[in-house]
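So this block is target_16.txt, compact mmCIF, C-alpha atoms and all ligand atoms:
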```txt
# COMPACT_ATOMS: atom_id res chain seq x y z
CA MET A 20 -8.56 -3.23 -26.74
CA SER A 21 -7.09 -3.18 -23.26
CA ARG A 22 -9.35 -4.19 -20.40
CA PHE A 23 -8.65 -3.03 -16.86
CA THR A 24 -10.48 -4.76 -14.00
CA PHE A 25 -10.20 -3.07 -10.62
CA ILE A 26 -10.67 -5.21 -7.51
CA THR A 27 -11.54 -2.72 -4.80
CA LEU A 28 -13.71 -1.88 -1.81
CA PHE A 29 -13.96 1.73 -3.03
CA ARG A 30 -15.14 1.78 -6.62
CA GLU A 31 -16.54 5.28 -6.01
CA ALA A 32 -13.01 6.59 -5.46
CA ILE A 33 -11.87 5.33 -8.87
CA GLU A 34 -14.77 5.55 -11.27
CA PRO A 35 -15.24 9.35 -11.60
CA TYR A 36 -11.66 9.79 -12.81
CA LEU A 37 -12.08 7.06 -15.44
CA ASN A 38 -15.18 8.82 -16.75
CA THR A 39 -13.32 12.09 -17.29
CA SER A 40 -11.19 13.53 -20.10
CA MET A 41 -8.68 11.16 -21.71
CA MET A 42 -9.78 8.06 -19.81
CA LEU A 43 -13.33 8.67 -21.03
CA LYS A 44 -12.06 9.22 -24.57
CA ALA A 45 -10.10 5.95 -24.38
CA GLN A 46 -13.37 4.16 -23.61
CA LYS A 47 -15.28 5.95 -26.35
CA ILE A 48 -12.78 5.05 -29.06
CA GLY A 49 -12.62 1.44 -27.86
CA ALA A 50 -8.98 1.59 -26.76
CA ALA A 51 -9.74 0.78 -23.12
CA GLU A 52 -12.50 -0.80 -21.11
CA PHE A 53 -12.81 -0.56 -17.34
CA ASP A 54 -14.71 -2.82 -14.99
CA PHE A 55 -14.92 -3.44 -11.26
CA VAL A 56 -15.10 -6.29 -8.81
CA ASP A 57 -16.43 -5.48 -5.35
CA LEU A 58 -14.03 -7.19 -2.96
CA ARG A 59 -16.72 -7.09 -0.25
CA GLU A 60 -18.77 -9.63 -2.21
CA PHE A 61 -16.01 -12.15 -1.54
CA GLY A 62 -15.82 -11.32 2.17
CA ILE A 63 -16.02 -14.00 4.83
CA GLY A 64 -19.00 -14.78 7.07
CA LYS A 65 -22.11 -12.85 7.91
CA HIS A 66 -20.21 -9.55 7.97
CA LYS A 67 -18.40 -10.20 4.68
CA SER A 68 -15.13 -9.51 6.45
CA VAL A 69 -12.06 -8.95 4.27
CA ASP A 70 -9.46 -8.15 6.94
CA ASP A 71 -8.07 -9.49 10.22
CA THR A 72 -5.33 -8.91 12.80
CA PRO A 73 -1.72 -9.89 12.01
CA TYR A 74 -0.20 -13.12 13.30
CA GLY A 75 2.65 -12.27 15.66
CA GLY A 76 0.86 -9.16 16.88
CA GLY A 77 1.12 -5.55 15.87
CA ASP A 78 -1.12 -2.67 15.02
CA GLY A 79 -3.75 -2.55 12.33
CA MET A 80 -5.65 -4.92 10.17
CA LEU A 81 -4.44 -6.89 7.18
CA LEU A 82 -6.28 -7.79 4.01
CA ARG A 83 -7.03 -11.54 4.11
CA CYS A 84 -5.97 -13.75 1.25
CA GLU A 85 -9.19 -15.75 0.64
CA PRO A 86 -11.37 -12.82 -0.57
CA VAL A 87 -8.59 -11.55 -2.84
CA PHE A 88 -7.92 -14.98 -4.37
CA SER A 89 -11.65 -15.53 -4.98
CA ALA A 90 -12.08 -12.05 -6.47
CA VAL A 91 -9.15 -12.46 -8.86
CA GLU A 92 -10.26 -15.97 -9.86
CA SER A 93 -13.77 -14.68 -10.61
CA VAL A 94 -12.43 -12.49 -13.47
CA LEU A 95 -9.19 -14.21 -14.48
CA THR A 96 -8.76 -14.68 -18.23
CA GLU A 97 -5.98 -16.41 -20.14
CA GLY A 98 -2.87 -14.24 -20.25
CA ALA A 99 -4.28 -11.65 -17.83
CA LYS A 100 -1.66 -9.70 -15.92
CA VAL A 101 -2.26 -9.11 -12.22
CA ILE A 102 -1.01 -5.79 -10.89
CA MET A 103 -0.97 -4.77 -7.23
CA PRO A 104 0.14 -1.37 -5.92
CA THR A 105 2.29 -1.79 -2.81
CA PRO A 106 5.09 0.29 -1.27
CA ALA A 107 7.16 -2.94 -1.43
CA GLY A 108 6.80 -3.13 -5.23
CA GLU A 109 9.07 -2.20 -8.10
CA LYS A 110 9.28 1.53 -8.86
CA TRP A 111 6.76 2.58 -11.50
CA THR A 112 8.43 4.31 -14.45
CA GLN A 113 7.52 5.53 -17.93
CA LYS A 114 9.49 2.57 -19.26
CA ARG A 115 7.28 0.12 -17.37
CA ALA A 116 4.15 1.98 -18.55
CA GLN A 117 5.40 1.71 -22.16
CA ALA A 118 6.08 -2.01 -21.73
CA LEU A 119 2.57 -2.70 -20.43
CA ALA A 120 1.02 -0.51 -23.14
CA GLY A 121 2.93 -2.59 -25.69
CA ILE A 122 4.98 0.24 -27.15
CA SER A 123 8.72 0.60 -27.32
CA HIS A 124 10.78 3.57 -26.22
CA THR A 125 11.35 6.49 -28.57
CA GLU A 126 14.57 7.21 -30.39
CA ILE A 127 15.06 10.84 -29.42
CA SER A 128 16.59 12.40 -32.51
CA ALA A 129 16.33 15.65 -34.45
CA LYS A 130 14.61 13.64 -37.22
CA ASN A 131 11.87 12.38 -34.90
CA LEU A 132 11.50 15.87 -33.45
CA ARG A 133 11.13 17.37 -36.92
CA GLU A 134 8.54 14.72 -37.82
CA SER A 135 6.66 15.57 -34.64
CA ILE A 136 6.51 19.20 -35.82
CA THR A 137 5.44 18.42 -39.36
CA LYS A 138 3.18 15.51 -38.37
CA GLU A 139 4.93 13.10 -40.75
CA SER A 140 5.54 10.61 -38.00
CA GLU A 141 4.45 7.00 -38.34
CA LEU A 142 5.36 6.36 -34.72
CA GLU A 143 2.75 4.47 -32.74
CA LYS A 144 0.45 3.66 -35.61
CA LYS A 145 -0.53 0.11 -34.84
CA PRO A 146 -3.70 -1.00 -36.55
CA ASN A 147 -3.98 -4.44 -34.97
CA GLU A 148 -3.77 -3.96 -31.25
CA PRO A 149 -3.84 -7.22 -29.30
CA ASN A 150 -6.44 -7.67 -26.57
CA ARG A 151 -4.95 -7.25 -23.14
CA HIS A 152 -6.45 -7.79 -19.71
CA PHE A 153 -5.03 -6.21 -16.56
CA ILE A 154 -6.44 -7.05 -13.13
CA ILE A 155 -5.56 -4.48 -10.52
CA ILE A 156 -5.89 -5.42 -6.87
CA CYS A 157 -6.34 -2.34 -4.68
CA PRO A 158 -5.32 -3.23 -1.13
CA HIS A 159 -6.63 -1.21 1.78
CA TYR A 160 -6.06 -1.22 5.53
CA GLU A 161 -2.58 -1.30 7.03
CA GLY A 162 -1.31 -4.15 4.93
CA TYR A 163 -2.08 -7.46 3.29
CA ASP A 164 -1.42 -11.14 3.83
CA GLU A 165 1.85 -11.93 2.05
CA ARG A 166 0.32 -14.95 0.31
CA ILE A 167 -1.59 -12.54 -1.93
CA MET A 168 1.73 -11.78 -3.64
CA SER A 169 1.80 -15.29 -5.10
CA MET A 170 -0.86 -14.30 -7.62
CA VAL A 171 0.59 -10.89 -8.47
CA ASN A 172 2.69 -10.50 -11.66
CA TYR A 173 3.47 -6.83 -11.13
CA PRO A 174 3.86 -5.50 -7.57
CA ILE A 175 4.29 -1.77 -8.10
CA SER A 176 5.32 1.18 -5.93
CA VAL A 177 4.48 4.67 -7.15
CA GLY A 178 7.07 6.31 -4.91
CA ASN A 179 8.67 6.36 -1.50
CA TYR A 180 5.70 7.51 0.52
CA VAL A 181 2.73 5.71 1.99
CA LEU A 182 -0.88 6.14 0.88
CA THR A 183 -3.93 4.81 2.69
CA GLY A 184 -4.93 2.46 -0.07
CA GLY A 185 -4.29 1.18 -3.55
CA GLU A 186 -6.92 3.24 -5.38
CA ILE A 187 -4.76 6.32 -6.11
CA PRO A 188 -1.70 4.27 -7.17
CA ALA A 189 -4.00 2.09 -9.31
CA LEU A 190 -5.21 5.21 -11.11
CA ILE A 191 -1.64 6.47 -11.57
CA ILE A 192 -0.62 3.16 -13.12
CA VAL A 193 -3.69 2.83 -15.35
CA ASP A 194 -3.62 6.48 -16.49
CA SER A 195 0.01 6.22 -17.54
CA ILE A 196 -0.70 3.05 -19.56
CA VAL A 197 -3.98 4.14 -21.14
CA ARG A 198 -2.68 7.49 -22.42
CA LEU A 199 -0.08 5.53 -24.43
CA LEU A 200 -2.64 3.34 -26.21
CA PRO A 201 -3.01 4.24 -29.90
CA GLY A 202 -5.51 7.00 -30.59
CA VAL A 203 -5.90 8.20 -27.01
CA LEU A 204 -3.71 11.30 -27.17
CA GLY A 205 -4.21 13.98 -29.82
CA GLY A 206 -1.26 13.61 -32.17
CA ASP A 207 0.39 10.30 -32.96
CA SER A 208 3.68 11.68 -31.75
CA SER A 209 2.54 13.44 -28.60
CA ALA A 210 3.21 10.37 -26.48
CA ALA A 211 6.34 9.48 -28.39
CA ILE A 212 8.36 12.61 -27.71
CA GLU A 213 7.76 13.40 -24.08
CA SER A 214 9.57 13.22 -20.80
CA PHE A 215 11.07 9.84 -19.77
CA SER A 216 10.06 8.21 -23.07
CA ASP A 217 13.64 7.58 -24.24
CA GLU A 218 15.46 4.28 -23.78
CA LYS A 219 17.01 5.23 -20.45
CA GLY A 220 13.87 6.96 -19.20
CA GLU A 221 15.85 10.06 -18.25
CA MET A 222 14.98 12.57 -20.95
CA ILE A 223 13.03 15.66 -19.88
CA GLU A 224 10.92 17.27 -22.59
CA PHE A 225 11.84 20.66 -24.09
CA PRO A 226 9.91 23.71 -22.79
CA GLN A 227 6.93 24.90 -24.85
CA TRP A 228 4.87 28.06 -25.32
CA THR A 229 1.52 28.97 -26.84
CA LYS A 230 -0.15 32.29 -27.70
CA PRO A 231 0.40 35.16 -26.98
CA ALA A 232 3.95 35.63 -28.29
CA GLU A 233 4.56 38.15 -25.50
CA PHE A 234 2.96 38.25 -22.04
CA ARG A 235 3.89 40.78 -19.33
CA GLY A 236 7.27 41.27 -20.95
CA MET A 237 7.96 37.51 -21.22
CA LYS A 238 8.69 36.61 -24.83
CA VAL A 239 8.47 33.31 -26.65
CA PRO A 240 11.94 32.36 -28.02
CA GLU A 241 12.35 33.91 -31.46
CA ILE A 242 13.33 30.61 -33.10
CA LEU A 243 9.91 29.07 -32.38
CA LEU A 244 8.27 31.83 -34.41
CA SER A 245 10.64 31.32 -37.37
CA GLY A 246 8.74 28.49 -39.09
CA ASN A 247 12.07 26.73 -39.75
CA HIS A 248 11.32 23.15 -38.73
CA GLU A 249 14.90 21.98 -39.07
CA LYS A 250 16.20 24.69 -36.77
CA ILE A 251 13.36 24.27 -34.28
CA ALA A 252 14.05 20.53 -34.06
CA ARG A 253 17.74 21.16 -33.39
CA TRP A 254 16.91 23.84 -30.78
CA ARG A 255 14.54 21.42 -29.01
CA MET A 256 17.26 18.75 -28.95
CA GLU A 257 19.61 21.24 -27.29
CA GLN A 258 16.96 22.15 -24.71
CA MET A 259 16.44 18.50 -23.85
CA ARG A 260 20.18 18.05 -23.37
CA LYS A 261 20.20 21.11 -21.07
CA ASN A 262 17.30 19.71 -19.06
CA MET A 263 19.28 16.54 -18.43
CA ASP A 264 22.46 18.26 -17.20
N1 LIG B 1 0.07 1.79 -1.24
C1 LIG B 1 0.38 2.64 -0.26
N2 LIG B 1 1.42 3.40 -0.60
C2 LIG B 1 1.79 3.02 -1.85
C3 LIG B 1 2.82 3.42 -2.75
N3 LIG B 1 3.69 4.37 -2.46
N4 LIG B 1 2.89 2.81 -3.94
C4 LIG B 1 2.02 1.83 -4.25
N5 LIG B 1 1.05 1.40 -3.44
C5 LIG B 1 0.93 1.98 -2.26
```

Same coordinates, now as structure tokens:
Amino acid sequence: MSRFTFITLFREAIEPYLNTSMMLKAQKIGAAEFDFVDLREFGIGKHKSVDDTPYGGGDGMLLRCEPVFSAVESVLTEGAKVIMPTPAGEKWTQKRAQALAGISHTEISAKNLRESITKESELEKKPNEPNRHFIIICPHYEGYDERIMSMVNYPISVGNYVLTGGEIPALIIVDSIVRLLPGVLGGDSSAAIESFSDEKGEMIEFPQWTKPAEFRGMKVPEILLSGNHEKIARWRMEQMRKNMD
């Protein structure tokens, strides 16, 4: 079971997504559990203030450290990992998502591809999942007091652009971890053979088609209709190599 605790002022921006589709399934099968801490409850003074102006001057308000420290300490468990989305963080990648989900990268080979077609794969079957606890601080306002970083294990950037708060990046990070937890996706191998899941994190998945075999003159490649698993696996390997050129 992986537990994800969101520390946020805007629970309503996060919760609906977690109660939809795969994130909901992850909860139902007991792979993930989500809970919330209202940062406002740890605000200072009569107005429960959580922000203030920056020392040295400048525009905007910064998240104060005391409410964040108190909020994290109120839910901290042994071994919990504290994540905070910030543009100053390390780039979020599939490899990092795999590491936090506790799975290793996939050997991309024709054998694994064939197993993914014939569903023989034992990849990702892990009966005894350890309990994990992630605490995700969602900053808001123009910035945060730098001292907050002293309690963060994983400062993470989701890309070179600036969002108004940490709620969307928090969902990006959590979604990409949760979908990798055993049992969450349909097939055991669907998370194993997919884009960026190789050791270098550079592989782009092969293209795929579903019914109908022909649509407005666009045909599904003949080989995929052949039923020859060996050949299909080799063809998919070639396509992946092409995608990476
Ligand atoms: N907060 C604002 N922008 C962000 C980004 N690009 N990544 C992570 N957190 C952020």

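Residues in contact range of range 60-74 of chain A, defined as at most 6 Å between all atoms listed in the file, with sequence neighbours fewer than 6 positions away removed, read Met80, Leu81, Leu82, Arg83 and Pro86 of chain A.
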
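With distances restricted to only C-alpha atoms and all ligand atoms, A:Tyr163 is the closest residue to ligand LIG 1 (chain B) from A:Phe29, A:Tyr36, A:Tyr163, A:Phe53.
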
Write out as AutoDock Vina command-line options an axis-aligned box for ligand LIG 1 (chain B): all of its atoms listed in the file, 4 Å added on each side, centre and edge lengths in Å with one decimal.
```
--center_x 1.9 --center_y 2.9 --center_z -2.3 --size_x 11.6 --size_y 11.0 --size_z 12.0
```

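One finds CA of Gly98 in chain A at 18.9 Å from CA of Ile192 in chain A.
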
message: I'd like the neighbourhood of range 126-131 of chain A as an NGL selection string, where a residue qualifies if any of its atoms comes within 12 Å (using only C-alpha atoms), though same-chain residues fewer than 3 positions away should be ignored.
response: :A and (123 or 134-142 or 207-209 or 211-225 or 248-260)

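Comparing A:Ser195, A:Gly236, A:Met103, A:Asp164 by their smallest distance to ligand LIG 1 (chain B), the closest is A:Met103 (using only C-alpha atoms and all ligand atoms).
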
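Nearest residue to Asn262 in chain A, choosing from A:Glu52, A:Thr39, A:Pro226, A:Ile196 and counting only C-alpha atoms: A:Pro226.
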
message: Which residues are near ligand LIG 1 (chain B) in this structure, taking near to mean any atom at most 10 Å from a ligand atom and counting all atoms listed in the file? Format them as number ranges by chain.
response: A: 103-111, 157-162, 174-189, 191-192
